[in-house]
Amino acid sequence: MRHWLVTVALAALAAPLAAATPPQLTPTATDAPFTFEEAMIPMRDGVKLHTVILRPKGVAGPLPILFQRSPYGSPDAAPGRVPNSWAPLVRDGYIFVFQDMRGRFKSEGGPFTLSTEVKTGKGAVDEATDAYDSIDWLVKNVRPNNGKVGMWGVSYPGFTAAIALAKPHPALKATSPQAAWIDYWKNDDLHRWGAMRLTYASDWVNGLQADKTNNEGIDLYDRYDTYDWFLHAGSPDEIEKKYFQGRVPRYREMIEHPDYDEHWKKQVWSNALGKTTVPTLNVAGYWDQEDPWGSWKIWEKQRANDPNKLALMVAGPWAHGVWQSPANSLGRIPFGVDSGTQFIEQIEAPFFAYWLHGTGTKPDFALKSFQSGSWQWKTYQTYPLANAQATSLYLHADGALSFTAPAADEGCRDYVSDPARPVPFRPRPMSATYATPDWRWWEAEDQRFVDDRPDVLSYVSAPLENDLTVTGEVTAKLMASTSGTDSDFVVKLIDVFPENYEKAPTALGAYAKGLNGYELPIAMEIRRGRYLKSFEQAMPLVPDQVTAWDFPLRDHDHVFKKGHRIMVQVQSSWFPVIDRNPQTFVPNIYKAKPEDYRKATQRVCAGSAVTLPVVK
């Protein structure tokens, strides 16, 4: 799977990691539809970046340039066929350019730091200036071109397409950051609201920093079940000392900077965005297991100063990068519409055609969303929707979930959270992040695998009498306490399918994978107790004191269908996608000692609710 991601994100010659099946390439008239050139482009500080230029054969006249920068490696030859995800772009005509970021593969400079800081001052060099200098060289030296450049990409290439907006070159006429990010500490790849994304940091950062010329990293796992491996490996600090030993600097930085300090704040590159001047097609997946948040926040920042309405948003029921494949299922749930193909042909290609070729009509929408549940495209000219009403769905002490507020004295439910037996984030045995396709769709995994655990509370509604459409920002609030001095809480909003949703399968092993009674997560998030009052300064919790825990559950567009039920699950660990909370306050949670990890009694009390933007 990692090789697949590398092939795509960097060389972009296949569908990304998120694709459900290996990409099928469309045959062309010749074995090599592109010519292949390599160049070392000088940056303002003298460092030269390795760049690959693919020109379409048999196309006359000056063409625009589509440019992608990546840390995963550039193509080492021209593709023999046109990838499906490129076909509409190739028909329109572009010069495709790929570049290794500084410190990676054949580019000079480094070491590769994963820095997203936009620097100031004379001679400052960052990812935004590298994009600027590269575009400047390309329009002057890659002939013939029409003087217009677009940037696009998924994941890290999506980030590089986004950060170019901080210091945009005049020739940058359109960009499409897809699954990009803005804040390493608050959300996306490395953390969720200050809680370390343990497995992803261990695998992804490892692969990017341990060796300049590959994406493999240091081999960690000597146990078949990675849940078991992480449980025995100890705290993040112990993992660093035993396995990484300074070879993965970003992992060590995470340990030494557990709080939201200047180390993290200076890397929030979107603070450098001013007036929106470059047309931008932001893209996000509602089920993106890696970067679900950043593209929404880039769009939000752009819209704050966008007099010409150049910033657009597209979202759908997609895992990471799945929209670059046919995308006709949500994990195990088929919906029969090639939403990814439609995105590429009807949204992405026309966007670039208008701004780089001057053909077609100007894109005119705020948000295009492929709505889950109804499985239809929706076009919203304004967002948030004026007819979406914030509606509270309350958690009751008897396990019910309803729109009726509980009595003040209704009481609490409790459970014991044990760090020695944390709740798994997906079924065991667990593969490493990229080892199998399981990682791609874990956020759409049937949550029945934790239903019978005593440390998971479930609240369930009656079957819905009518469809319930939810479009906009979902939030939650728990009124909760812990007997410890630190704690995590996880909230999951779930769509429970009817028991007779489909005819029961009879093939060997298929029954357990059926959709009858399927518990589909719609939104899930974690909050870490030490950061309830301040992100910048960790503070202990007061044992057994009921406190308000707020959960931003991101934007969604989903229809809970008639006959379905709504469920909310609450738990206090999500392992090992999130590191274990010792439930005892220590100054640096990543350096907790074995004796710091203790059981705690957790209570969820009256007043807890999920707030849904219900469309009337």
# chains A, B, ... in the order shown; residues from 1 in each chain; ligands from 1
$ select_by_dssp --residues "range 133-365 of chain A" --states "helix (DSSP H, G or I)" --output "PyMOL selection string"
chain A and resi 133-141+156-166+198-209+226-233+236-244+249-256+262-265+269-272+294-303+322-324+339-357
$ closest_residue --among "A:Gly529, A:Gly61, A:Pro279, A:Pro350" --to "Ala161 in chain A" --atoms "only C-alpha atoms"
A:Pro279
$ closest_atom_pairs --of "range 153-248 of chain A" --to "range 255-259 of chain A" --cutoff "8 Å" --atoms "only C-alpha atoms" --output "tab-separated table"
residue	atom	partner	partner_atom	distance
A:Gly194	CA	A:Asp259	CA	6.9
A:Pro236	CA	A:Ile255	CA	7.1
A:Asp237	CA	A:Ile255	CA	6.5
$ write_last_selection --atoms "N, CA and C atoms" --output "mmCIF file, in the first residue's frame"
data_model
loop_
_atom_site.group_PDB
_atom_site.id
_atom_site.type_symbol
_atom_site.label_atom_id
_atom_site.label_comp_id
_atom_site.auth_asym_id
_atom_site.auth_seq_id
_atom_site.Cartn_x
_atom_site.Cartn_y
_atom_site.Cartn_z
ATOM 1 N N GLY A 194 -4.377 17.841 20.006
ATOM 2 C CA GLY A 194 -3.292 17.629 20.950
ATOM 3 C C GLY A 194 -3.034 16.196 21.320
ATOM 4 N N PRO A 236 5.301 6.885 23.811
ATOM 5 C CA PRO A 236 5.997 7.398 22.625
ATOM 6 C C PRO A 236 7.484 7.643 22.880
ATOM 7 N N ASP A 237 7.821 8.120 24.066
ATOM 8 C CA ASP A 237 9.228 8.362 24.390
ATOM 9 C C ASP A 237 10.015 7.061 24.395
#
$ residues_around --residues "Asp183 in chain A" --least-positions-apart "5" --cutoff "8 Å" --atoms "only C-alpha atoms" --output "list of chain:residue names"
A:Asp188, A:Trp264, A:Lys265, A:Gln267, A:Val268, A:Trp269, A:Gly294
$ write_last_selection --atoms "C-alpha atoms" --output "PDB file, in the first residue's frame"
ATOM      1  CA  ASP A 188      -5.071  15.892  10.475  1.00  0.00           C
ATOM      2  CA  TRP A 264       3.565  24.296  16.280  1.00  0.00           C
ATOM      3  CA  LYS A 265       1.965  27.720  15.951  1.00  0.00           C
ATOM      4  CA  GLN A 267       3.804  26.165  11.196  1.00  0.00           C
ATOM      5  CA  VAL A 268       0.182  27.202  10.749  1.00  0.00           C
ATOM      6  CA  TRP A 269       0.977  28.434   7.251  1.00  0.00           C
ATOM      7  CA  GLY A 294      -7.362  21.100   6.570  1.00  0.00           C
TER       8      GLY A 294
END
$ select_by_dssp --residues "range 472-554 of chain A" --states "strand (DSSP E or B)" --output "PyMOL selection string"
chain A and resi 472-482+488-496+519-528+547-554
$ closest_residue --among "A:Gln571, A:Thr116, A:Ser74, A:Thr280" --to "Val97 in chain A" --atoms "only C-alpha atoms"
A:Ser74
$ residues_around --residues "Lys212 in chain A" --least-positions-apart "2" --cutoff "9 Å" --atoms "only C-alpha atoms" --output "number ranges by chain"
A: 103-106, 110-112, 208-210, 214-215
$ atom_distance --atom1 "CA of Ala592 in chain A" --atom2 "CA of Phe551 in chain A"
25.1 Å
$ closest_residue --among "A:Gly207, A:Pro363, A:Pro88, A:Gly285" --to "Val248 in chain A" --atoms "only C-alpha atoms"
A:Gly207
$ residues_around --residues "Gly46 in chain A" --least-positions-apart "6" --cutoff "12 Å" --atoms "only C-alpha atoms" --output "PyMOL selection string"
chain A and resi 40+102+107-109+123+125+130+133
$ write_last_selection --atoms "C-alpha atoms" --output "JSON list (two decimals), in the first residue's frame"
[["chain", "number", "residue", "atom", "x", "y", "z"],
["A", 40, "MET", "CA", 17.55, 20.63, -11.81],
["A", 102, "ARG", "CA", 14.17, 19.67, -1.12],
["A", 107, "SER", "CA", 16.69, 17.04, -5.02],
["A", 108, "GLU", "CA", 19.43, 18.84, -3.14],
["A", 109, "GLY", "CA", 19.08, 20.41, 0.28],
["A", 123, "GLY", "CA", 16.64, 35.46, 1.91],
["A", 125, "VAL", "CA", 13.38, 30.01, 2.05],
["A", 130, "ASP", "CA", 10.33, 26.93, -3.59],
["A", 133, "ASP", "CA", 10.96, 29.94, -7.82]]
$ residues_around --residues "range 367-370 of chain A" --least-positions-apart "2" --cutoff "8 Å" --atoms "only C-alpha atoms" --output "JSON, numbers by chain"
{"A": [312, 313, 314, 315, 316, 317, 339, 365, 372, 375, 376, 377, 378, 379, 380, 381, 382, 383, 557]}
$ write_last_selection --atoms "N, CA and C atoms" --output "PDB file, in the first residue's frame"
ATOM      1  N   LEU A 312     -13.452  27.657  -3.861  1.00  0.00           N
ATOM      2  CA  LEU A 312     -14.517  26.667  -3.979  1.00  0.00           C
ATOM      3  C   LEU A 312     -14.205  25.472  -3.096  1.00  0.00           C
ATOM      4  N   MET A 313     -15.246  24.719  -2.756  1.00  0.00           N
ATOM      5  CA  MET A 313     -15.091  23.525  -1.919  1.00  0.00           C
ATOM      6  C   MET A 313     -15.855  22.365  -2.538  1.00  0.00           C
ATOM      7  N   VAL A 314     -15.215  21.189  -2.519  1.00  0.00           N
ATOM      8  CA  VAL A 314     -15.858  19.951  -2.966  1.00  0.00           C
ATOM      9  C   VAL A 314     -15.603  18.889  -1.896  1.00  0.00           C
ATOM     10  N   ALA A 315     -16.636  18.125  -1.559  1.00  0.00           N
ATOM     11  CA  ALA A 315     -16.481  17.066  -0.560  1.00  0.00           C
ATOM     12  C   ALA A 315     -17.391  15.901  -0.913  1.00  0.00           C
ATOM     13  N   GLY A 316     -17.031  14.734  -0.416  1.00  0.00           N
ATOM     14  CA  GLY A 316     -17.845  13.556  -0.705  1.00  0.00           C
ATOM     15  C   GLY A 316     -17.557  12.435   0.266  1.00  0.00           C
ATOM     16  N   PRO A 317     -18.228  11.295   0.112  1.00  0.00           N
ATOM     17  CA  PRO A 317     -18.096  10.158   1.030  1.00  0.00           C
ATOM     18  C   PRO A 317     -16.850   9.338   0.705  1.00  0.00           C
ATOM     19  N   SER A 339     -18.784   8.442  -8.121  1.00  0.00           N
ATOM     20  CA  SER A 339     -18.675   9.838  -7.701  1.00  0.00           C
ATOM     21  C   SER A 339     -17.297  10.415  -7.966  1.00  0.00           C
ATOM     22  N   PHE A 365     -20.188  28.110  -7.617  1.00  0.00           N
ATOM     23  CA  PHE A 365     -20.797  27.454  -6.466  1.00  0.00           C
ATOM     24  C   PHE A 365     -19.914  27.740  -5.261  1.00  0.00           C
ATOM     25  N   SER A 372     -23.868  11.738   1.350  1.00  0.00           N
ATOM     26  CA  SER A 372     -24.023  10.340   1.727  1.00  0.00           C
ATOM     27  C   SER A 372     -25.450  10.092   2.207  1.00  0.00           C
ATOM     28  N   TRP A 375     -26.900   9.660  -1.660  1.00  0.00           N
ATOM     29  CA  TRP A 375     -25.958   9.315  -2.734  1.00  0.00           C
ATOM     30  C   TRP A 375     -26.219  10.156  -3.981  1.00  0.00           C
ATOM     31  N   GLN A 376     -26.312  11.467  -3.757  1.00  0.00           N
ATOM     32  CA  GLN A 376     -26.559  12.412  -4.842  1.00  0.00           C
ATOM     33  C   GLN A 376     -25.652  13.623  -4.687  1.00  0.00           C
ATOM     34  N   TRP A 377     -25.302  14.229  -5.817  1.00  0.00           N
ATOM     35  CA  TRP A 377     -24.569  15.490  -5.796  1.00  0.00           C
ATOM     36  C   TRP A 377     -25.508  16.621  -5.392  1.00  0.00           C
ATOM     37  N   LYS A 378     -25.020  17.467  -4.514  1.00  0.00           N
ATOM     38  CA  LYS A 378     -25.731  18.670  -4.104  1.00  0.00           C
ATOM     39  C   LYS A 378     -24.847  19.881  -4.396  1.00  0.00           C
ATOM     40  N   THR A 379     -25.460  20.931  -4.911  1.00  0.00           N
ATOM     41  CA  THR A 379     -24.743  22.177  -5.162  1.00  0.00           C
ATOM     42  C   THR A 379     -25.290  23.255  -4.237  1.00  0.00           C
ATOM     43  N   TYR A 380     -24.417  23.816  -3.402  1.00  0.00           N
ATOM     44  CA  TYR A 380     -24.816  24.847  -2.451  1.00  0.00           C
ATOM     45  C   TYR A 380     -24.167  26.169  -2.856  1.00  0.00           C
ATOM     46  N   GLN A 381     -24.996  27.163  -3.167  1.00  0.00           N
ATOM     47  CA  GLN A 381     -24.479  28.467  -3.580  1.00  0.00           C
ATOM     48  C   GLN A 381     -23.982  29.280  -2.391  1.00  0.00           C
ATOM     49  N   THR A 382     -24.547  29.020  -1.216  1.00  0.00           N
ATOM     50  CA  THR A 382     -24.063  29.632   0.021  1.00  0.00           C
ATOM     51  C   THR A 382     -23.892  28.546   1.066  1.00  0.00           C
ATOM     52  N   TYR A 383     -22.980  28.817   2.009  1.00  0.00           N
ATOM     53  CA  TYR A 383     -22.700  27.826   3.048  1.00  0.00           C
ATOM     54  C   TYR A 383     -22.103  28.555   4.233  1.00  0.00           C
ATOM     55  N   ASP A 557     -22.386  16.068   5.411  1.00  0.00           N
ATOM     56  CA  ASP A 557     -23.581  16.187   4.577  1.00  0.00           C
ATOM     57  C   ASP A 557     -24.135  14.781   4.411  1.00  0.00           C
TER      58      ASP A 557
END
